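A.B. asks: PDB, C-alpha atoms, pLDDT in the B column, file data-v2.pdb:
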ATOM      1  CA  MET T   1       0.000   0.000   0.000  1.00 89.00           C
ATOM      2  CA  PRO T   2       1.248   3.481  -0.768  1.00 96.00           C
ATOM      3  CA  SER T   3       2.003   6.043   1.933  1.00 98.00           C
ATOM      4  CA  PHE T   4       1.204   9.763   1.887  1.00 98.00           C
ATOM      5  CA  LEU T   5       2.669  12.934   3.408  1.00 98.00           C
ATOM      6  CA  PHE T   6       0.843  16.268   3.083  1.00 98.00           C
ATOM      7  CA  VAL T   7       2.939  19.418   3.514  1.00 98.00           C
ATOM      8  CA  CYS T   8       2.007  23.047   4.150  1.00 98.00           C
ATOM      9  CA  THR T   9       3.651  25.942   5.969  1.00 97.00           C
ATOM     10  CA  GLY T  10       2.938  25.492   9.677  1.00 97.00           C
ATOM     11  CA  ASN T  11       1.156  22.120   9.628  1.00 97.00           C
ATOM     12  CA  ILE T  12      -1.906  23.526  11.405  1.00 98.00           C
ATOM     13  CA  CYS T  13      -4.428  24.283   8.620  1.00 97.00           C
ATOM     14  CA  ARG T  14      -4.161  22.822   5.134  1.00 98.00           C
ATOM     15  CA  SER T  15      -1.988  19.759   5.624  1.00 98.00           C
ATOM     16  CA  PRO T  16      -3.857  18.421   8.685  1.00 98.00           C
ATOM     17  CA  LEU T  17      -7.127  18.807   6.778  1.00 98.00           C
ATOM     18  CA  ALA T  18      -5.628  16.949   3.810  1.00 98.00           C
ATOM     19  CA  GLU T  19      -4.332  14.241   6.161  1.00 98.00           C
ATOM     20  CA  ALA T  20      -7.835  13.876   7.643  1.00 98.00           C
ATOM     21  CA  ALA T  21      -9.453  13.752   4.195  1.00 98.00           C
ATOM     22  CA  MET T  22      -7.051  11.039   3.033  1.00 98.00           C
ATOM     23  CA  ARG T  23      -7.542   9.052   6.251  1.00 98.00           C
ATOM     24  CA  ALA T  24     -11.291   9.180   5.607  1.00 98.00           C
ATOM     25  CA  GLU T  25     -10.761   7.905   2.048  1.00 97.00           C
ATOM     26  CA  ALA T  26      -8.607   5.017   3.303  1.00 97.00           C
ATOM     27  CA  LYS T  27     -11.104   4.176   6.041  1.00 97.00           C
ATOM     28  CA  ARG T  28     -13.965   4.159   3.529  1.00 96.00           C
ATOM     29  CA  ARG T  29     -11.962   1.610   1.521  1.00 95.00           C
ATOM     30  CA  LYS T  30     -11.141  -0.364   4.707  1.00 95.00           C
ATOM     31  CA  LEU T  31      -7.406   0.058   4.107  1.00 93.00           C
ATOM     32  CA  ASP T  32      -4.645   0.574   6.643  1.00 93.00           C
ATOM     33  CA  VAL T  33      -2.428   3.150   4.949  1.00 96.00           C
ATOM     34  CA  GLU T  34       0.348   5.328   6.364  1.00 98.00           C
ATOM     35  CA  ILE T  35      -0.770   8.961   6.180  1.00 98.00           C
ATOM     36  CA  ASP T  36       0.817  11.968   7.883  1.00 98.00           C
ATOM     37  CA  SER T  37       1.302  15.701   7.512  1.00 98.00           C
ATOM     38  CA  ALA T  38       4.135  18.115   8.199  1.00 98.00           C
ATOM     39  CA  GLY T  39       5.163  21.729   7.813  1.00 98.00           C
ATOM     40  CA  THR T  40       8.028  23.655   6.298  1.00 97.00           C
ATOM     41  CA  GLY T  41       8.227  26.140   9.189  1.00 96.00           C
ATOM     42  CA  ALA T  42       8.690  25.649  12.926  1.00 95.00           C
ATOM     43  CA  TRP T  43       6.270  28.287  14.257  1.00 93.00           C
ATOM     44  CA  HIS T  44       3.678  25.809  15.526  1.00 94.00           C
ATOM     45  CA  LEU T  45       5.728  22.718  16.430  1.00 94.00           C
ATOM     46  CA  ALA T  46       3.791  20.293  18.644  1.00 97.00           C
ATOM     47  CA  HIS T  47       0.676  22.496  18.525  1.00 97.00           C
ATOM     48  CA  PRO T  48      -2.715  21.066  17.543  1.00 98.00           C
ATOM     49  CA  PRO T  49      -4.344  22.215  14.310  1.00 98.00           C
ATOM     50  CA  ASP T  50      -5.878  25.685  14.166  1.00 97.00           C
ATOM     51  CA  ARG T  51      -9.250  25.778  15.964  1.00 97.00           C
ATOM     52  CA  ARG T  52     -10.980  26.619  12.667  1.00 97.00           C
ATOM     53  CA  ALA T  53      -9.410  23.581  10.988  1.00 98.00           C
ATOM     54  CA  ARG T  54     -10.598  21.400  13.877  1.00 98.00           C
ATOM     55  CA  LYS T  55     -14.070  22.914  13.550  1.00 98.00           C
ATOM     56  CA  ILE T  56     -14.346  22.238   9.803  1.00 97.00           C
ATOM     57  CA  ALA T  57     -13.061  18.685  10.293  1.00 98.00           C
ATOM     58  CA  LYS T  58     -15.698  18.066  12.987  1.00 98.00           C
ATOM     59  CA  LYS T  59     -18.341  19.512  10.657  1.00 97.00           C
ATOM     60  CA  HIS T  60     -17.440  16.647   8.298  1.00 97.00           C
ATOM     61  CA  GLY T  61     -17.386  13.977  11.005  1.00 97.00           C
ATOM     62  CA  LEU T  62     -13.606  13.901  11.521  1.00 98.00           C
ATOM     63  CA  ASN T  63     -11.634  14.561  14.684  1.00 98.00           C
ATOM     64  CA  ILE T  64      -8.139  16.008  14.247  1.00 98.00           C
ATOM     65  CA  ASP T  65      -7.700  17.221  17.841  1.00 98.00           C
ATOM     66  CA  SER T  66      -4.872  14.747  18.479  1.00 98.00           C
ATOM     67  CA  TYR T  67      -2.790  15.840  15.470  1.00 98.00           C
ATOM     68  CA  ARG T  68       0.375  17.774  16.312  1.00 98.00           C
ATOM     69  CA  ALA T  69       2.445  19.994  14.033  1.00 98.00           C
ATOM     70  CA  ARG T  70       5.859  18.746  12.997  1.00 98.00           C
ATOM     71  CA  LEU T  71       8.527  19.643  10.467  1.00 98.00           C
ATOM     72  CA  VAL T  72       9.330  17.749   7.290  1.00 98.00           C
ATOM     73  CA  THR T  73      12.437  15.598   7.809  1.00 97.00           C
ATOM     74  CA  LYS T  74      14.962  14.072   5.414  1.00 96.00           C
ATOM     75  CA  GLU T  75      13.645  10.654   6.435  1.00 97.00           C
ATOM     76  CA  ASP T  76      10.201  11.548   5.090  1.00 98.00           C
ATOM     77  CA  PHE T  77      11.517  11.332   1.534  1.00 98.00           C
ATOM     78  CA  THR T  78      12.258   7.633   1.913  1.00 97.00           C
ATOM     79  CA  ARG T  79       9.378   6.869   4.284  1.00 97.00           C
ATOM     80  CA  PHE T  80       6.556   8.126   2.028  1.00 98.00           C
ATOM     81  CA  ASP T  81       5.602   7.184  -1.532  1.00 98.00           C
ATOM     82  CA  TYR T  82       3.644  10.389  -2.212  1.00 98.00           C
ATOM     83  CA  ILE T  83       4.697  13.782  -0.881  1.00 98.00           C
ATOM     84  CA  LEU T  84       1.981  16.318  -1.566  1.00 98.00           C
ATOM     85  CA  ALA T  85       2.693  20.030  -1.397  1.00 98.00           C
ATOM     86  CA  LEU T  86      -0.250  22.321  -0.769  1.00 98.00           C
ATOM     87  CA  ASP T  87       1.233  25.242  -2.710  1.00 98.00           C
ATOM     88  CA  GLU T  88       4.164  26.100  -4.971  1.00 98.00           C
ATOM     89  CA  SER T  89       6.369  27.449  -2.169  1.00 97.00           C
ATOM     90  CA  HIS T  90       6.127  24.059  -0.428  1.00 97.00           C
ATOM     91  CA  PHE T  91       6.730  22.237  -3.693  1.00 98.00           C
ATOM     92  CA  TYR T  92       9.966  24.118  -4.380  1.00 97.00           C
ATOM     93  CA  TYR T  93      11.110  23.874  -0.748  1.00 97.00           C
ATOM     94  CA  LEU T  94      10.555  20.110  -0.807  1.00 98.00           C
ATOM     95  CA  ARG T  95      12.374  19.735  -4.135  1.00 97.00           C
ATOM     96  CA  GLU T  96      15.402  21.519  -2.633  1.00 97.00           C
ATOM     97  CA  LEU T  97      15.347  19.432   0.543  1.00 97.00           C
ATOM     98  CA  ALA T  98      14.741  16.064  -1.124  1.00 97.00           C
ATOM     99  CA  PRO T  99      17.517  13.699  -2.169  1.00 96.00           C
ATOM    100  CA  ALA T 100      17.643  13.717  -5.992  1.00 96.00           C
ATOM    101  CA  HIS T 101      16.344  10.145  -6.328  1.00 96.00           C
ATOM    102  CA  THR T 102      13.141  11.015  -4.395  1.00 96.00           C
ATOM    103  CA  ARG T 103      12.110  14.263  -6.131  1.00 96.00           C
ATOM    104  CA  ASP T 104       9.615  12.518  -8.411  1.00 97.00           C
ATOM    105  CA  LYS T 105       7.495  11.707  -5.332  1.00 97.00           C
ATOM    106  CA  ILE T 106       6.694  15.408  -4.839  1.00 98.00           C
ATOM    107  CA  THR T 107       3.604  16.889  -6.475  1.00 98.00           C
ATOM    108  CA  LEU T 108       1.112  19.639  -5.810  1.00 98.00           C
ATOM    109  CA  LEU T 109      -1.978  18.139  -4.210  1.00 98.00           C
ATOM    110  CA  LEU T 110      -4.334  19.689  -6.760  1.00 98.00           C
ATOM    111  CA  ASP T 111      -2.288  18.134  -9.592  1.00 98.00           C
ATOM    112  CA  HIS T 112      -4.366  15.033  -8.829  1.00 97.00           C
ATOM    113  CA  VAL T 113      -7.653  16.739  -9.760  1.00 98.00           C
ATOM    114  CA  PRO T 114      -8.266  16.746 -13.522  1.00 97.00           C
ATOM    115  CA  GLY T 115      -8.282  20.320 -14.803  1.00 98.00           C
ATOM    116  CA  ARG T 116      -6.703  21.749 -11.624  1.00 98.00           C
ATOM    117  CA  GLU T 117      -3.080  20.842 -12.313  1.00 97.00           C
ATOM    118  CA  GLY T 118      -0.691  23.525 -11.086  1.00 97.00           C
ATOM    119  CA  GLU T 119      -3.239  25.135  -8.769  1.00 98.00           C
ATOM    120  CA  GLU T 120      -2.586  25.787  -5.093  1.00 98.00           C
ATOM    121  CA  VAL T 121      -4.822  25.030  -2.119  1.00 98.00           C
ATOM    122  CA  LEU T 122      -5.995  28.290  -0.521  1.00 97.00           C
ATOM    123  CA  ASP T 123      -4.200  29.100   2.742  1.00 97.00           C
ATOM    124  CA  PRO T 124      -7.084  30.008   5.069  1.00 98.00           C
ATOM    125  CA  TYR T 125      -4.921  31.004   8.055  1.00 96.00           C
ATOM    126  CA  TYR T 126      -5.390  34.764   7.702  1.00 96.00           C
ATOM    127  CA  GLY T 127      -8.881  34.400   6.276  1.00 95.00           C
ATOM    128  CA  THR T 128     -12.350  33.632   7.533  1.00 94.00           C
ATOM    129  CA  GLU T 129     -14.123  30.418   8.471  1.00 92.00           C
ATOM    130  CA  ALA T 130     -15.545  30.443   4.933  1.00 96.00           C
ATOM    131  CA  ASP T 131     -11.969  30.151   3.645  1.00 97.00           C
ATOM    132  CA  PHE T 132     -11.596  26.962   5.691  1.00 98.00           C
ATOM    133  CA  ASP T 133     -14.675  25.605   3.871  1.00 97.00           C
ATOM    134  CA  VAL T 134     -12.971  26.336   0.526  1.00 98.00           C
ATOM    135  CA  THR T 135      -9.776  24.659   1.713  1.00 98.00           C
ATOM    136  CA  TRP T 136     -11.712  21.621   2.946  1.00 98.00           C
ATOM    137  CA  THR T 137     -13.536  21.281  -0.375  1.00 98.00           C
ATOM    138  CA  ASP T 138     -10.246  21.415  -2.281  1.00 98.00           C
ATOM    139  CA  VAL T 139      -8.350  18.927  -0.115  1.00 98.00           C
ATOM    140  CA  GLN T 140     -11.298  16.539   0.074  1.00 98.00           C
ATOM    141  CA  GLU T 141     -11.739  16.546  -3.713  1.00 98.00           C
ATOM    142  CA  ALA T 142      -8.008  16.090  -4.302  1.00 98.00           C
ATOM    143  CA  CYS T 143      -7.747  13.253  -1.784  1.00 98.00           C
ATOM    144  CA  ALA T 144     -10.740  11.487  -3.328  1.00 97.00           C
ATOM    145  CA  HIS T 145      -9.025  11.597  -6.736  1.00 97.00           C
ATOM    146  CA  LEU T 146      -5.665  10.599  -5.257  1.00 97.00           C
ATOM    147  CA  ALA T 147      -7.254   7.687  -3.401  1.00 97.00           C
ATOM    148  CA  THR T 148      -9.027   6.462  -6.520  1.00 96.00           C
ATOM    149  CA  LYS T 149      -5.765   6.644  -8.451  1.00 95.00           C
ATOM    150  CA  THR T 150      -3.579   4.976  -5.812  1.00 95.00           C
ATOM    151  CA  LEU T 151      -5.710   2.922  -3.426  1.00 93.00           C
ATOM    152  CA  ASP T 152      -8.236   1.394  -5.797  1.00 89.00           C
ATOM    153  CA  ARG T 153      -5.611  -0.463  -7.792  1.00 70.00           C
ATOM    154  CA  PRO T 154      -5.929  -4.259  -7.748  1.00 63.00           C
TER     155      PRO T 154
END
Take the structure in the file and write it out as structure tokens.

C.D. replies:
Amino acid sequence: MPSFLFVCTGNICRSPLAEAAMRAEAKRRKLDVEIDSAGTGAWHLAHPPDRRARKIAKKHGLNIDSYRARLVTKEDFTRFDYILALDESHFYYLRELAPAHTRDKITLLLDHVPGREGEEVLDPYYGTEADFDVTWTDVQEACAHLATKTLDRP
């Protein structure tokens, strides 16, 4: 089974929501898959997700209260099969950090949604609760496509 790492800036908004969405997809398929999230910056290390991210997850029947922010590590590039950046800054940061032989694992999350290739997931941190709804919709759609592409294989 493939493994997945979702990466955003502080690991408290977008990437935890993407992690939760992918966990829900795996659970729906009754699969035990390694799924995690991480950040590129250390501002929120060991903190739970933003309260608005927790609220939107609960709205969709998911509990992310136990998640804790962490940084991307060099080991992540060998540990995970798919490394999914939530925006271009994360994509380029990850490409710089990654050993050369693992760079092909890194994609933008929305690259997995037909017609949305190259798009970024909205960072809702400085926005409103409505922005968290937009972010949730994007990560949920992308994870559904990613799961179909990677988890539904025979």

A.B. asks: To one decimal place, how far is CA of Lys105 in chain T from CA of Gly41 in chain T in Å?

C.D. replies: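 These two atoms are separated by 20.5 Å.
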
A.B. asks: Quick check on the file I pasted: which residues fall under the PyMOL selection byres ((chain T and resi 125-134) around 7)? Write them as a list of chain:residue names.

C.D. replies: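 Those residues are T:Cys13, T:Arg52, T:Ala53, T:Ile56, T:Asp123, T:Pro124, T:Thr135, T:Trp136, T:Thr137, T:Asp138.
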
A.B. asks: Please write the residues picked by the PyMOL selection byres ((chain T and resi 63) around 12) on this file as an MDAnalysis selection string.

C.D. replies: chainID T and resid 16:17 19:21 23:24 48:49 51 53:62 64:67

A.B. asks: Just the number, please: distance in Å from CA of Ala85 in chain T to CA of Asp152 in chain T, one decimal.

C.D. replies: 22.0 Å

A.B. asks: I need the residue nearest Tyr92 in chain T from this list: T:Thr107, T:Thr150, T:Gln140, T:Asn11. Use only C-alpha atoms for the distance.

C.D. replies: T:Thr107

A.B. asks: What does the distance between CA of Ala38 in chain T and CA of Leu151 in chain T come to in Å, to one decimal place?

C.D. replies: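 Atom-to-atom, CA of Ala38 in chain T to CA of Leu151 in chain T, that is 21.5 Å.
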
A.B. asks: Near range 109-114 of chain T, counting only C-alpha atoms, which residues have an atom at most 10 Å away, once you skip same-chain residues fewer than 5 positions from it, shown as a count of residues only?

C.D. replies: 24

A.B. asks: Do you know which residues are at most 7 Å from Ala46 in chain T counting only C-alpha atoms, after dropping those on the same chain fewer than 5 positions away, and could you put them as an NGL selection string?

C.D. replies: :T and (68-70)

A.B. asks: So, counting only C-alpha atoms, which residue among T:Lys27, T:His90, T:Lys74, T:Arg79 is closest to Arg14 in chain T?

C.D. replies: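 Under the stated criterion, the closest residue is T:His90.
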
A.B. asks: Applied to this file, what does the PyMOL selection byres ((chain T and resi 3) around 6) return in terms of residues, put as a PyMOL selection string?

C.D. replies: chain T and resi 2+4+34-35+80-81

A.B. asks: Set the distance at 6 Å and use only C-alpha atoms: which residues neighbour Gly39 in chain T once local chain neighbours fewer than 5 positions away are removed? I'd like the list as a list of chain:residue names.

C.D. replies: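 The filter keeps T:Val7, T:Cys8, T:Thr9, T:Gly10, T:Asn11, T:Leu71, T:Val72.
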
A.B. asks: Could the centre and edge lengths of an axis-aligned box, enclosing all atoms of range 15-25 of chain T in the file with 8 Å extra on each side, be given in Å to one decimal as JSON?

C.D. replies:
{"center_x": -6.6, "center_y": 13.8, "center_z": 5.4, "size_x": 25.3, "size_y": 27.9, "size_z": 22.6}

A.B. asks: In the coordinate frame of the file, compute which residues have an atom within 7 Å of (-6.1, 1.7, 0.5) when using only C-alpha atoms, and state them as a list of chain:residue names.

C.D. replies: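 Residues satisfying the cut-off, written out: T:Met1, T:Ala26, T:Arg29, T:Lys30, T:Leu31, T:Asp32, T:Val33, T:Leu151, T:Asp152.
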